[in-house]
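Notes for the one structure printed next.
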Amino acid sequence: MSIQENLHIIKSTLPVNVQLVAVSKTKPTSDILEAYNAGQRVFGENKIQEMANKFEQLPKDIEWHMIGHLQRNKVKYMASFVHLIHGVDSFKTLKEINKQALKHNRIINCLLEVKIASEATKFGLSFNEVQQILTSVELKELKNINIQGFMGMASFTNDKTIVHSEFKTLKTQFESSKKYSLQNFNPTILSMGMSGDYKIAIEEGSTMVRVGSAIFGARNYT
Ligand SMILES: *Cc1c(COP(=O)(O)O)cnc(C)c1O
């Protein structure tokens, strides 16, 4: 099936309050344009340099989301245009984003990445660390970031009960974080769900799904 057909089918199943991030990492700009011509405007990439190159070449009304693990020294390459950074997993990174945002006189939207999977390889903060960040006095000084919520990735498993329960845990934490009242913390986005598990994520309260291969086909990393 074509990219346009895949997009159409997925979009027709999403509730109105769930936003679709089309994950275009490794895919050529021609694929992104095909999705763009089908009406898609929100795209996700996991490498800053690749995203910056695509930003240069593609229509400027695209919203670029950085969904990958961040290297702090590369934040500057996307600070002028990135719409939402999903994978923030340290206070140091928040500080760097704030610094680069200030240089461009803008506020950069971020999500805190929370580790919900049991696998040792997944990045992310513990709920304890999230609380520490949200209650730190230093956070109040970061006036050029806006933390809009959380992002999480479930375990890569066929056991749906595990996936359900990991997403449910994040949703619970997301709701309870709303008690923190801060200028730069406005939790409205819960980014969870990929091609293999976005339906489960939506059942558990996701407001933003990051779908790649189900739209663009399998990725070839060679
Ligand atoms: C690659 C990636 C996705 C999309 O994965 P698919 O399984 O192709 O939908 C979503 N989120 C993150 C963080 C990713 O790196």
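Residue numbering restarts at 1 in every chain; chains get A, B, ... in the order shown in the structure tokens, and ligands count up from 1 in that same order.
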Exercise. Mind the document's chain letters and residue numbers, and return as an MDAnalysis selection string the residues of chain A that DSSP labels helix (DSSP H, G or I).
Key: chainID A and resid 3:13 29:37 48:57 72:77 91:103 127:135 137:141 160:177 198:203 213:216
Write out as JSON lines the residues of chain A that have any atom within 7 Å of an atom of ligand 1, one row each with the nearest atom pair and its distance in Å to one decimal, counting only C-alpha atoms and all ligand atoms, sorted by chain and then rising number.
{"residue": "A:Val23", "atom": "CA", "partner": "ligand 1", "partner_atom_place_in_ligand_line": "4 (C)", "distance": 5.5}
{"residue": "A:Lys25", "atom": "CA", "partner": "ligand 1", "partner_atom_place_in_ligand_line": "1 (C)", "distance": 6.9}
{"residue": "A:Asn46", "atom": "CA", "partner": "ligand 1", "partner_atom_place_in_ligand_line": "15 (O)", "distance": 5.9}
{"residue": "A:Ile67", "atom": "CA", "partner": "ligand 1", "partner_atom_place_in_ligand_line": "13 (C)", "distance": 4.9}
{"residue": "A:Gly68", "atom": "CA", "partner": "ligand 1", "partner_atom_place_in_ligand_line": "13 (C)", "distance": 5.3}
{"residue": "A:Met194", "atom": "CA", "partner": "ligand 1", "partner_atom_place_in_ligand_line": "9 (O)", "distance": 4.2}
{"residue": "A:Ser195", "atom": "CA", "partner": "ligand 1", "partner_atom_place_in_ligand_line": "9 (O)", "distance": 3.6}
{"residue": "A:Gly196", "atom": "CA", "partner": "ligand 1", "partner_atom_place_in_ligand_line": "7 (O)", "distance": 5.9}
{"residue": "A:Arg210", "atom": "CA", "partner": "ligand 1", "partner_atom_place_in_ligand_line": "10 (C)", "distance": 4.6}
{"residue": "A:Val211", "atom": "CA", "partner": "ligand 1", "partner_atom_place_in_ligand_line": "9 (O)", "distance": 3.7}
{"residue": "A:Gly212", "atom": "CA", "partner": "ligand 1", "partner_atom_place_in_ligand_line": "8 (O)", "distance": 3.5}
{"residue": "A:Ser213", "atom": "CA", "partner": "ligand 1", "partner_atom_place_in_ligand_line": "8 (O)", "distance": 3.7}
{"residue": "A:Ala214", "atom": "CA", "partner": "ligand 1", "partner_atom_place_in_ligand_line": "9 (O)", "distance": 6.0}
Take the residues that were just selected and, keeping all heavy atoms, output them as an mmCIF file, in the first residue's frame.
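Result file follows (result-v3.cif):
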data_model
loop_
_atom_site.group_PDB
_atom_site.id
_atom_site.type_symbol
_atom_site.label_atom_id
_atom_site.label_comp_id
_atom_site.auth_asym_id
_atom_site.auth_seq_id
_atom_site.Cartn_x
_atom_site.Cartn_y
_atom_site.Cartn_z
ATOM 1 N N VAL A 23 6.745 9.291 11.811
ATOM 2 C CA VAL A 23 8.185 9.127 12.078
ATOM 3 C C VAL A 23 8.911 8.773 10.778
ATOM 4 O O VAL A 23 8.764 7.669 10.251
ATOM 5 C CB VAL A 23 8.425 8.071 13.167
ATOM 6 C CG1 VAL A 23 9.926 7.848 13.366
ATOM 7 C CG2 VAL A 23 7.778 8.508 14.479
ATOM 8 N N LYS A 25 12.309 9.023 10.123
ATOM 9 C CA LYS A 25 13.753 8.761 10.232
ATOM 10 C C LYS A 25 14.199 7.726 9.196
ATOM 11 O O LYS A 25 13.466 6.769 8.937
ATOM 12 C CB LYS A 25 14.103 8.286 11.646
ATOM 13 C CG LYS A 25 13.446 6.972 12.043
ATOM 14 C CD LYS A 25 13.649 6.678 13.527
ATOM 15 C CE LYS A 25 13.091 5.309 13.876
ATOM 16 N NZ LYS A 25 12.925 5.096 15.311
ATOM 17 N N ASN A 46 14.883 11.053 14.616
ATOM 18 C CA ASN A 46 15.626 10.725 15.834
ATOM 19 C C ASN A 46 17.097 11.135 15.783
ATOM 20 O O ASN A 46 17.839 10.882 16.719
ATOM 21 C CB ASN A 46 15.479 9.248 16.188
ATOM 22 C CG ASN A 46 16.273 8.351 15.265
ATOM 23 O OD1 ASN A 46 16.559 8.739 14.132
ATOM 24 N ND2 ASN A 46 16.619 7.169 15.737
ATOM 25 N N ILE A 67 12.474 12.982 18.348
ATOM 26 C CA ILE A 67 11.994 11.890 19.210
ATOM 27 C C ILE A 67 13.124 11.016 19.728
ATOM 28 O O ILE A 67 12.899 10.119 20.528
ATOM 29 C CB ILE A 67 10.961 11.004 18.460
ATOM 30 C CG1 ILE A 67 11.609 10.313 17.263
ATOM 31 C CG2 ILE A 67 9.744 11.821 18.032
ATOM 32 C CD1 ILE A 67 10.741 9.234 16.640
ATOM 33 N N GLY A 68 14.359 11.267 19.275
ATOM 34 C CA GLY A 68 15.454 10.379 19.639
ATOM 35 C C GLY A 68 16.189 10.807 20.896
ATOM 36 O O GLY A 68 15.906 11.847 21.489
ATOM 37 N N MET A 194 3.754 3.411 19.320
ATOM 38 C CA MET A 194 4.459 3.337 18.042
ATOM 39 C C MET A 194 3.659 2.390 17.132
ATOM 40 O O MET A 194 2.563 1.984 17.491
ATOM 41 C CB MET A 194 5.890 2.811 18.247
ATOM 42 C CG MET A 194 6.564 3.524 19.388
ATOM 43 S SD MET A 194 8.226 3.039 19.905
ATOM 44 C CE MET A 194 8.940 2.155 18.559
ATOM 45 N N SER A 195 4.218 2.052 15.970
ATOM 46 C CA SER A 195 3.455 1.222 15.024
ATOM 47 C C SER A 195 2.871 -0.023 15.685
ATOM 48 O O SER A 195 1.714 -0.371 15.453
ATOM 49 C CB SER A 195 4.342 0.789 13.852
ATOM 50 O OG SER A 195 4.681 1.909 13.069
ATOM 51 N N GLY A 196 3.668 -0.689 16.506
ATOM 52 C CA GLY A 196 3.237 -1.972 17.061
ATOM 53 C C GLY A 196 2.304 -1.880 18.251
ATOM 54 O O GLY A 196 1.645 -2.873 18.599
ATOM 55 N N ARG A 210 3.574 8.102 17.888
ATOM 56 C CA ARG A 210 4.720 8.281 16.997
ATOM 57 C C ARG A 210 4.813 7.047 16.104
ATOM 58 O O ARG A 210 5.294 5.998 16.531
ATOM 59 C CB ARG A 210 6.010 8.427 17.817
ATOM 60 C CG ARG A 210 5.935 9.463 18.943
ATOM 61 C CD ARG A 210 7.197 9.445 19.795
ATOM 62 N NE ARG A 210 7.544 8.101 20.233
ATOM 63 C CZ ARG A 210 7.110 7.535 21.353
ATOM 64 N NH1 ARG A 210 6.324 8.192 22.189
ATOM 65 N NH2 ARG A 210 7.450 6.299 21.656
ATOM 66 N N VAL A 211 4.321 7.180 14.875
ATOM 67 C CA VAL A 211 4.183 6.006 14.015
ATOM 68 C C VAL A 211 5.075 6.142 12.781
ATOM 69 O O VAL A 211 4.961 7.111 12.036
ATOM 70 C CB VAL A 211 2.705 5.820 13.605
ATOM 71 C CG1 VAL A 211 2.557 4.602 12.692
ATOM 72 C CG2 VAL A 211 1.827 5.663 14.843
ATOM 73 N N GLY A 212 5.971 5.174 12.599
ATOM 74 C CA GLY A 212 6.887 5.196 11.464
ATOM 75 C C GLY A 212 6.597 4.121 10.442
ATOM 76 O O GLY A 212 6.009 4.371 9.394
ATOM 77 N N SER A 213 7.000 2.899 10.748
ATOM 78 C CA SER A 213 6.952 1.833 9.742
ATOM 79 C C SER A 213 5.538 1.521 9.248
ATOM 80 O O SER A 213 5.366 1.128 8.092
ATOM 81 C CB SER A 213 7.648 0.572 10.260
ATOM 82 O OG SER A 213 7.280 0.311 11.586
ATOM 83 N N ALA A 214 4.532 1.735 10.069
ATOM 84 C CA ALA A 214 3.160 1.468 9.604
ATOM 85 C C ALA A 214 2.721 2.483 8.545
ATOM 86 O O ALA A 214 1.770 2.240 7.806
ATOM 87 C CB ALA A 214 2.178 1.472 10.780
#
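Of the listed residues (A:Met78, A:Leu170, A:Leu190, A:Ile62), A:Met78 comes nearest to Glu50 of chain A; the distances count only C-alpha atoms.
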Quiz prompt | Residues within 8 Å of segment 150-161 of chain A, only C-alpha atoms, excluding chain neighbours under 6 positions, as a ChimeraX atom specification | solution = /A:86-87,111-119,122,124,167,170,174,187,189-193
Quiz prompt | Residues within 8 Å of Gly205 of chain A, only C-alpha atoms, excluding chain neighbours under 2 positions, as a PyMOL selection string | solution = chain A and resi 168+171+190+201-203+207
Practice problem: Tell me which protein, DNA and RNA residues are within 9 Å of Lys95 of chain A, counting only C-alpha atoms, leaving out same-chain ones fewer than 3 positions away, and put them as a ChimeraX atom specification. | Solution: /A:90-92,98-100,139,142,145
Quiz prompt | Val42 of chain A environment, 10 Å, only C-alpha atoms, sequence neighbours closer than 6 positions dropped, as a count of residues only | solution = 15
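Distance-wise, atom CA of Val75 of chain A and atom CA of Asn186 of chain A end up 21.8 Å apart.
The interatomic distance for the pair atom CA of Ile48 of chain A and atom CA of Ile147 of chain A works out to 19.4 Å.
In this structure, atom CA of His69 of chain A sits 10.7 Å away from atom CA of Thr93 of chain A.
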Practice problem: From the DSSP assignment of the backbone, select every residue of segment 105-203 of chain A that is strand (DSSP E), and format the answer as number ranges by chain. | Solution: A: 108-115, 145-153, 185-192
Practice problem: Write out as a list in words each polymer residue whose atoms come within 12 Å of Ala38 of chain A, counting only C-alpha atoms; drop sequence neighbours fewer than 2 positions from it. | Solution: Ser2, Ile3, Gln4, Glu5, Asn6, Leu7, His8, Ile9, Lys11, Ala22, Asp31, Ile32, Leu33, Glu34, Ala35, Tyr36, Gln40, Arg41, Val42 and Ile215 of chain A
Quiz item: With distances taken over only C-alpha atoms, which of A:Gln71, A:Ser165, A:Gln57, A:Asn184 is nearest to Ile108 of chain A?
Solution: A:Asn184
